$ cat entry16.txt   # compact mmCIF, N, CA and C atoms
# COMPACT_ATOMS: atom_id res chain seq x y z
N MET M 90 -17.42 -152.56 -70.15
CA MET M 90 -17.52 -151.21 -69.64
C MET M 90 -16.74 -150.26 -70.55
N ARG M 91 -17.31 -149.11 -70.79
CA ARG M 91 -16.63 -148.09 -71.60
C ARG M 91 -15.50 -147.47 -70.79
N ARG M 92 -14.44 -147.07 -71.51
CA ARG M 92 -13.25 -146.51 -70.85
C ARG M 92 -13.07 -145.05 -71.20
N ALA M 93 -12.77 -144.26 -70.18
CA ALA M 93 -12.44 -142.84 -70.37
C ALA M 93 -11.06 -142.59 -69.78
N VAL M 94 -10.32 -141.74 -70.44
CA VAL M 94 -9.03 -141.32 -69.89
C VAL M 94 -9.10 -139.81 -69.69
N ILE M 95 -8.64 -139.38 -68.53
CA ILE M 95 -8.58 -137.95 -68.22
C ILE M 95 -7.10 -137.59 -68.12
N VAL M 96 -6.70 -136.61 -68.92
CA VAL M 96 -5.30 -136.18 -68.98
C VAL M 96 -5.17 -134.91 -68.14
N HIS M 97 -4.33 -134.99 -67.11
CA HIS M 97 -4.06 -133.79 -66.32
C HIS M 97 -2.59 -133.46 -66.43
N HIS M 98 -2.24 -132.27 -66.01
CA HIS M 98 -0.88 -131.77 -66.21
C HIS M 98 -0.27 -131.32 -64.89
N ASP M 99 -0.15 -132.26 -63.98
CA ASP M 99 0.46 -131.99 -62.68
C ASP M 99 1.39 -133.16 -62.38
N ASP M 100 2.61 -132.87 -61.95
CA ASP M 100 3.55 -133.96 -61.70
C ASP M 100 3.28 -134.68 -60.38
N ASP M 101 2.33 -134.21 -59.60
CA ASP M 101 1.87 -134.89 -58.39
C ASP M 101 0.53 -135.53 -58.72
N MET M 102 0.51 -136.85 -58.82
CA MET M 102 -0.72 -137.55 -59.24
C MET M 102 -1.90 -137.26 -58.31
N ALA M 103 -1.65 -137.17 -56.99
CA ALA M 103 -2.75 -136.90 -56.07
C ALA M 103 -3.31 -135.50 -56.28
N ARG M 104 -2.43 -134.54 -56.44
CA ARG M 104 -2.88 -133.17 -56.68
C ARG M 104 -3.57 -133.09 -58.04
N GLY M 105 -3.01 -133.77 -59.03
CA GLY M 105 -3.62 -133.80 -60.36
C GLY M 105 -4.99 -134.42 -60.33
N ALA M 106 -5.18 -135.44 -59.50
CA ALA M 106 -6.50 -136.07 -59.39
C ALA M 106 -7.54 -135.09 -58.86
N ARG M 107 -7.10 -134.15 -58.03
CA ARG M 107 -8.04 -133.14 -57.52
C ARG M 107 -8.47 -132.18 -58.62
N TRP M 108 -7.62 -131.99 -59.66
CA TRP M 108 -7.99 -131.12 -60.78
C TRP M 108 -9.22 -131.66 -61.50
N VAL M 109 -9.41 -132.94 -61.42
CA VAL M 109 -10.49 -133.61 -62.15
C VAL M 109 -11.85 -133.15 -61.63
N GLY M 110 -11.92 -132.78 -60.37
CA GLY M 110 -13.16 -132.28 -59.78
C GLY M 110 -14.31 -133.25 -59.98
N PRO M 111 -15.46 -132.75 -60.43
CA PRO M 111 -16.64 -133.61 -60.57
C PRO M 111 -16.64 -134.45 -61.85
N LEU M 112 -15.62 -134.29 -62.70
CA LEU M 112 -15.62 -134.98 -63.98
C LEU M 112 -15.58 -136.51 -63.83
N ALA M 113 -14.70 -137.02 -62.98
CA ALA M 113 -14.61 -138.48 -62.80
C ALA M 113 -15.92 -139.05 -62.26
N PRO M 114 -16.52 -138.47 -61.22
CA PRO M 114 -17.79 -139.03 -60.75
C PRO M 114 -18.89 -139.01 -61.82
N ILE M 115 -18.90 -137.98 -62.65
CA ILE M 115 -19.90 -137.91 -63.73
C ILE M 115 -19.66 -139.05 -64.73
N LEU M 116 -18.41 -139.25 -65.12
CA LEU M 116 -18.10 -140.33 -66.06
C LEU M 116 -18.39 -141.70 -65.44
N LEU M 117 -18.00 -141.89 -64.18
CA LEU M 117 -18.28 -143.15 -63.51
C LEU M 117 -19.78 -143.42 -63.44
N GLY M 118 -20.55 -142.38 -63.12
CA GLY M 118 -21.99 -142.52 -63.04
C GLY M 118 -22.65 -142.77 -64.39
N SER M 119 -21.91 -142.48 -65.46
CA SER M 119 -22.41 -142.71 -66.82
C SER M 119 -21.92 -144.04 -67.40
N GLY M 120 -21.30 -144.85 -66.56
CA GLY M 120 -20.90 -146.18 -66.99
C GLY M 120 -19.50 -146.31 -67.55
N TYR M 121 -18.65 -145.33 -67.31
CA TYR M 121 -17.27 -145.39 -67.77
C TYR M 121 -16.34 -145.81 -66.64
N SER M 122 -15.30 -146.56 -66.97
CA SER M 122 -14.17 -146.66 -66.06
C SER M 122 -13.30 -145.43 -66.37
N VAL M 123 -12.57 -144.96 -65.38
CA VAL M 123 -11.79 -143.73 -65.56
C VAL M 123 -10.34 -143.98 -65.21
N GLU M 124 -9.46 -143.57 -66.12
CA GLU M 124 -8.02 -143.66 -65.91
C GLU M 124 -7.45 -142.25 -65.98
N LEU M 125 -6.60 -141.90 -65.01
CA LEU M 125 -5.93 -140.60 -65.02
C LEU M 125 -4.50 -140.79 -65.52
N VAL M 126 -4.08 -139.93 -66.43
CA VAL M 126 -2.69 -139.96 -66.91
C VAL M 126 -2.15 -138.54 -66.95
N THR M 127 -0.84 -138.44 -66.87
CA THR M 127 -0.19 -137.14 -67.03
C THR M 127 1.04 -137.28 -67.91
N PRO M 128 1.06 -136.57 -69.04
CA PRO M 128 2.23 -136.61 -69.92
C PRO M 128 3.50 -136.11 -69.24
N LEU M 129 3.37 -135.27 -68.21
CA LEU M 129 4.55 -134.75 -67.52
C LEU M 129 5.39 -135.87 -66.93
N LEU M 130 4.75 -136.97 -66.57
CA LEU M 130 5.47 -138.09 -65.98
C LEU M 130 5.74 -139.19 -67.00
N GLY M 131 5.58 -138.86 -68.27
CA GLY M 131 5.86 -139.82 -69.32
C GLY M 131 4.73 -140.77 -69.65
N HIS M 132 3.55 -140.51 -69.09
CA HIS M 132 2.40 -141.37 -69.38
C HIS M 132 1.87 -141.07 -70.78
N PRO M 133 1.83 -142.06 -71.65
CA PRO M 133 1.19 -141.83 -72.95
C PRO M 133 -0.32 -141.78 -72.78
N ILE M 134 -0.99 -141.13 -73.70
CA ILE M 134 -2.45 -141.08 -73.69
C ILE M 134 -2.94 -142.31 -74.46
N PRO M 135 -3.65 -143.21 -73.79
CA PRO M 135 -4.14 -144.39 -74.50
C PRO M 135 -5.10 -143.98 -75.62
N THR M 136 -5.01 -144.67 -76.73
CA THR M 136 -5.89 -144.36 -77.85
C THR M 136 -6.96 -145.44 -78.04
N ASP M 137 -6.90 -146.49 -77.23
CA ASP M 137 -7.89 -147.56 -77.33
C ASP M 137 -8.99 -147.38 -76.28
N VAL M 138 -9.42 -146.14 -76.10
CA VAL M 138 -10.45 -145.82 -75.11
C VAL M 138 -11.67 -145.24 -75.83
N ASP M 139 -12.73 -145.04 -75.09
CA ASP M 139 -13.97 -144.54 -75.68
C ASP M 139 -14.07 -143.02 -75.68
N VAL M 140 -13.34 -142.36 -74.79
CA VAL M 140 -13.34 -140.90 -74.74
C VAL M 140 -12.07 -140.43 -74.04
N VAL M 141 -11.54 -139.29 -74.50
CA VAL M 141 -10.37 -138.66 -73.89
C VAL M 141 -10.78 -137.25 -73.48
N VAL M 142 -10.44 -136.87 -72.25
CA VAL M 142 -10.67 -135.51 -71.77
C VAL M 142 -9.32 -134.94 -71.36
N VAL M 143 -8.95 -133.80 -71.95
CA VAL M 143 -7.68 -133.16 -71.64
C VAL M 143 -7.96 -131.89 -70.85
N LEU M 144 -7.38 -131.84 -69.66
CA LEU M 144 -7.61 -130.70 -68.75
C LEU M 144 -6.59 -129.59 -68.96
N GLY M 145 -6.63 -128.62 -68.07
CA GLY M 145 -5.79 -127.44 -68.14
C GLY M 145 -4.35 -127.69 -67.72
N SER M 146 -3.55 -126.66 -67.88
CA SER M 146 -2.14 -126.68 -67.51
C SER M 146 -1.69 -125.26 -67.25
N GLU M 147 -0.65 -125.13 -66.46
CA GLU M 147 -0.05 -123.82 -66.26
C GLU M 147 0.85 -123.45 -67.43
N GLU M 148 1.14 -124.42 -68.29
CA GLU M 148 2.03 -124.21 -69.42
C GLU M 148 1.24 -123.71 -70.63
N SER M 149 1.96 -123.31 -71.65
CA SER M 149 1.34 -122.86 -72.90
C SER M 149 1.28 -124.02 -73.89
N ALA M 150 0.17 -124.16 -74.55
CA ALA M 150 -0.01 -125.21 -75.56
C ALA M 150 0.87 -124.96 -76.79
N TYR M 151 1.49 -123.80 -76.86
CA TYR M 151 2.32 -123.45 -78.01
C TYR M 151 3.80 -123.37 -77.65
N ASP M 152 4.16 -123.87 -76.47
CA ASP M 152 5.56 -123.85 -76.02
C ASP M 152 6.21 -125.17 -76.39
N ASP M 153 6.79 -125.23 -77.58
CA ASP M 153 7.38 -126.47 -78.07
C ASP M 153 8.67 -126.86 -77.35
N SER M 154 9.11 -126.04 -76.40
CA SER M 154 10.28 -126.42 -75.60
C SER M 154 9.90 -127.37 -74.47
N LEU M 155 8.61 -127.57 -74.22
CA LEU M 155 8.18 -128.50 -73.18
C LEU M 155 8.49 -129.93 -73.66
N PRO M 156 9.25 -130.68 -72.87
CA PRO M 156 9.71 -131.99 -73.36
C PRO M 156 8.59 -133.00 -73.58
N TRP M 157 7.47 -132.83 -72.96
CA TRP M 157 6.37 -133.79 -73.05
C TRP M 157 5.30 -133.39 -74.06
N LEU M 158 5.33 -132.17 -74.55
CA LEU M 158 4.23 -131.67 -75.38
C LEU M 158 4.13 -132.38 -76.73
N ALA M 159 5.24 -132.64 -77.38
CA ALA M 159 5.19 -133.31 -78.69
C ALA M 159 4.52 -134.67 -78.59
N GLY M 160 4.84 -135.41 -77.53
CA GLY M 160 4.21 -136.72 -77.33
C GLY M 160 2.72 -136.60 -77.09
N GLU M 161 2.32 -135.60 -76.32
CA GLU M 161 0.89 -135.40 -76.07
C GLU M 161 0.16 -135.04 -77.36
N LEU M 162 0.74 -134.15 -78.15
CA LEU M 162 0.12 -133.78 -79.43
C LEU M 162 -0.01 -134.99 -80.34
N ASP M 163 1.04 -135.82 -80.39
CA ASP M 163 1.01 -137.02 -81.22
C ASP M 163 -0.07 -138.00 -80.74
N ASP M 164 -0.15 -138.22 -79.43
CA ASP M 164 -1.17 -139.12 -78.88
C ASP M 164 -2.57 -138.61 -79.18
N LEU M 165 -2.79 -137.30 -79.04
CA LEU M 165 -4.11 -136.74 -79.32
C LEU M 165 -4.44 -136.84 -80.81
N ARG M 166 -3.44 -136.65 -81.65
CA ARG M 166 -3.66 -136.80 -83.10
C ARG M 166 -4.10 -138.22 -83.41
N LYS M 167 -3.48 -139.21 -82.79
CA LYS M 167 -3.86 -140.61 -82.98
C LYS M 167 -5.29 -140.85 -82.50
N ALA M 168 -5.65 -140.27 -81.37
CA ALA M 168 -7.01 -140.44 -80.84
C ALA M 168 -8.03 -139.84 -81.80
N VAL M 169 -7.77 -138.63 -82.25
CA VAL M 169 -8.68 -137.97 -83.19
C VAL M 169 -8.78 -138.76 -84.48
N ASP M 170 -7.64 -139.19 -85.02
CA ASP M 170 -7.62 -139.93 -86.28
C ASP M 170 -8.37 -141.26 -86.18
N SER M 171 -8.38 -141.85 -84.97
CA SER M 171 -9.08 -143.12 -84.80
C SER M 171 -10.57 -142.93 -84.53
N GLY M 172 -11.01 -141.68 -84.44
CA GLY M 172 -12.43 -141.40 -84.21
C GLY M 172 -12.83 -141.34 -82.75
N THR M 173 -11.86 -141.36 -81.86
CA THR M 173 -12.16 -141.25 -80.43
C THR M 173 -12.62 -139.83 -80.11
N PRO M 174 -13.74 -139.68 -79.43
CA PRO M 174 -14.15 -138.33 -79.02
C PRO M 174 -13.14 -137.75 -78.02
N VAL M 175 -12.74 -136.50 -78.26
CA VAL M 175 -11.78 -135.82 -77.39
C VAL M 175 -12.40 -134.50 -76.95
N LEU M 176 -12.45 -134.28 -75.63
CA LEU M 176 -12.92 -133.02 -75.07
C LEU M 176 -11.71 -132.30 -74.50
N GLY M 177 -11.50 -131.07 -74.92
CA GLY M 177 -10.41 -130.27 -74.39
C GLY M 177 -10.96 -129.14 -73.54
N ILE M 178 -10.42 -129.01 -72.35
CA ILE M 178 -10.83 -127.95 -71.42
C ILE M 178 -9.63 -127.05 -71.18
N CYS M 179 -9.76 -125.77 -71.49
CA CYS M 179 -8.71 -124.77 -71.30
C CYS M 179 -7.48 -125.15 -72.13
N PHE M 180 -6.36 -125.48 -71.50
CA PHE M 180 -5.17 -125.93 -72.20
C PHE M 180 -5.51 -127.07 -73.15
N GLY M 181 -6.39 -127.96 -72.69
CA GLY M 181 -6.80 -129.10 -73.51
C GLY M 181 -7.43 -128.67 -74.82
N SER M 182 -8.20 -127.60 -74.80
CA SER M 182 -8.81 -127.13 -76.04
C SER M 182 -7.76 -126.50 -76.96
N GLN M 183 -6.73 -125.92 -76.37
CA GLN M 183 -5.66 -125.33 -77.17
C GLN M 183 -4.82 -126.41 -77.86
N VAL M 184 -4.49 -127.49 -77.15
CA VAL M 184 -3.72 -128.55 -77.79
C VAL M 184 -4.59 -129.28 -78.82
N LEU M 185 -5.88 -129.40 -78.55
CA LEU M 185 -6.78 -130.00 -79.53
C LEU M 185 -6.85 -129.14 -80.79
N ALA M 186 -6.90 -127.82 -80.62
CA ALA M 186 -6.89 -126.92 -81.78
C ALA M 186 -5.62 -127.12 -82.59
N ARG M 187 -4.48 -127.26 -81.93
CA ARG M 187 -3.22 -127.51 -82.65
C ARG M 187 -3.30 -128.80 -83.44
N VAL M 188 -3.81 -129.85 -82.82
CA VAL M 188 -3.92 -131.15 -83.48
C VAL M 188 -4.80 -131.06 -84.72
N LEU M 189 -5.83 -130.24 -84.64
CA LEU M 189 -6.79 -130.10 -85.73
C LEU M 189 -6.37 -129.05 -86.75
N GLY M 190 -5.21 -128.43 -86.55
CA GLY M 190 -4.70 -127.47 -87.52
C GLY M 190 -5.08 -126.02 -87.25
N GLY M 191 -5.67 -125.76 -86.10
CA GLY M 191 -6.04 -124.39 -85.76
C GLY M 191 -4.90 -123.66 -85.09
N SER M 192 -5.21 -122.43 -84.70
CA SER M 192 -4.19 -121.63 -83.99
C SER M 192 -4.83 -120.96 -82.79
$ encode --input "entry16.txt" --output "structure tokens"
Amino acid sequence: MRRAVIVHHDDDMARGARWVGPLAPILLGSGYSVELVTPLLGHPIPTDVDVVVVLGSEESAYDDSLPWLAGELDDLRKAVDSGTPVLGICFGSQVLARVLGGS
């Protein structure tokens, strides 16, 4: 089975799972297993998956004072470098732009 990881940015896993909305059912219906992670709680983003989706956040993707942001950027860089497809939504697209050298 193909694996997908969805990255959310809420320190309450149940509330964060609600952020996922219809995305998890769509991925499940497409033959993916789905894992939810949040860097806020120290969860690294797995890079041995078939797809990574990074959701929104109330924080800024350019606020380097966030203690978890450097790790998230590093994990996403590893995913991109390994050829893993990464979809960024809102904040996720901003951190993906940073990883790819954009602003």
$ residues_around --input "entry16.txt" --residues "Cys179 in chain M" --least-positions-apart "4" --cutoff "6.5 Å" --atoms "all atoms listed in the file" --output "PyMOL selection string"
chain M and resi 143-146+183-184
$ closest_residue --input "entry16.txt" --among "M:Leu162, M:Val94, M:Ala106, M:Leu130" --to "Leu176 in chain M" --atoms "only C-alpha atoms"
M:Val94
$ select_by_dssp --input "entry16.txt" --residues "range 91-191 of chain M" --states "strand (DSSP E or B)" --output "short mmCIF file (atom, residue, chain, number, x, y, z; two decimals) with N, CA and C atoms, in the frame of the given file"
data_model
loop_
_atom_site.label_atom_id
_atom_site.label_comp_id
_atom_site.auth_asym_id
_atom_site.auth_seq_id
_atom_site.Cartn_x
_atom_site.Cartn_y
_atom_site.Cartn_z
N ARG M 91 -17.31 -149.11 -70.79
CA ARG M 91 -16.63 -148.09 -71.60
C ARG M 91 -15.50 -147.47 -70.79
N ARG M 92 -14.44 -147.07 -71.51
CA ARG M 92 -13.25 -146.51 -70.85
C ARG M 92 -13.07 -145.05 -71.20
N ALA M 93 -12.77 -144.26 -70.18
CA ALA M 93 -12.44 -142.84 -70.37
C ALA M 93 -11.06 -142.59 -69.78
N VAL M 94 -10.32 -141.74 -70.44
CA VAL M 94 -9.03 -141.32 -69.89
C VAL M 94 -9.10 -139.81 -69.69
N ILE M 95 -8.64 -139.38 -68.53
CA ILE M 95 -8.58 -137.95 -68.22
C ILE M 95 -7.10 -137.59 -68.12
N VAL M 96 -6.70 -136.61 -68.92
CA VAL M 96 -5.30 -136.18 -68.98
C VAL M 96 -5.17 -134.91 -68.14
N TYR M 121 -18.65 -145.33 -67.31
CA TYR M 121 -17.27 -145.39 -67.77
C TYR M 121 -16.34 -145.81 -66.64
N SER M 122 -15.30 -146.56 -66.97
CA SER M 122 -14.17 -146.66 -66.06
C SER M 122 -13.30 -145.43 -66.37
N VAL M 123 -12.57 -144.96 -65.38
CA VAL M 123 -11.79 -143.73 -65.56
C VAL M 123 -10.34 -143.98 -65.21
N GLU M 124 -9.46 -143.57 -66.12
CA GLU M 124 -8.02 -143.66 -65.91
C GLU M 124 -7.45 -142.25 -65.98
N LEU M 125 -6.60 -141.90 -65.01
CA LEU M 125 -5.93 -140.60 -65.02
C LEU M 125 -4.50 -140.79 -65.52
N VAL M 126 -4.08 -139.93 -66.43
CA VAL M 126 -2.69 -139.96 -66.91
C VAL M 126 -2.15 -138.54 -66.95
N VAL M 140 -13.34 -142.36 -74.79
CA VAL M 140 -13.34 -140.90 -74.74
C VAL M 140 -12.07 -140.43 -74.04
N VAL M 141 -11.54 -139.29 -74.50
CA VAL M 141 -10.37 -138.66 -73.89
C VAL M 141 -10.78 -137.25 -73.48
N VAL M 142 -10.44 -136.87 -72.25
CA VAL M 142 -10.67 -135.51 -71.77
C VAL M 142 -9.32 -134.94 -71.36
N VAL M 143 -8.95 -133.80 -71.95
CA VAL M 143 -7.68 -133.16 -71.64
C VAL M 143 -7.96 -131.89 -70.85
N VAL M 175 -12.74 -136.50 -78.26
CA VAL M 175 -11.78 -135.82 -77.39
C VAL M 175 -12.40 -134.50 -76.95
N LEU M 176 -12.45 -134.28 -75.63
CA LEU M 176 -12.92 -133.02 -75.07
C LEU M 176 -11.71 -132.30 -74.50
N GLY M 177 -11.50 -131.07 -74.92
CA GLY M 177 -10.41 -130.27 -74.39
C GLY M 177 -10.96 -129.14 -73.54
#
$ atom_distance --input "entry16.txt" --atom1 "atom C of Ser171 in chain M" --atom2 "atom C of Thr136 in chain M"
7.8 Å
$ closest_residue --input "entry16.txt" --among "M:Ala103, M:Val126, M:Ile115, M:Val188" --to "Asp163 in chain M" --atoms "only N, CA and C atoms"
M:Val188
$ select_by_dssp --input "entry16.txt" --residues "chain M" --states "helix (DSSP H, G or I)" --output "JSON, numbers by chain"
{"M": [102, 103, 104, 105, 106, 107, 108, 112, 113, 114, 115, 116, 117, 118, 128, 129, 130, 158, 159, 160, 161, 162, 163, 164, 165, 166, 167, 168, 169, 170, 180, 181, 182, 183, 184, 185, 186, 187, 188]}
$ atom_distance --input "entry16.txt" --atom1 "CA of Pro174 in chain M" --atom2 "atom N of Glu147 in chain M"
22.7 Å
$ atom_distance --input "entry16.txt" --atom1 "atom N of Asp153 in chain M" --atom2 "atom N of Trp108 in chain M"
24.0 Å
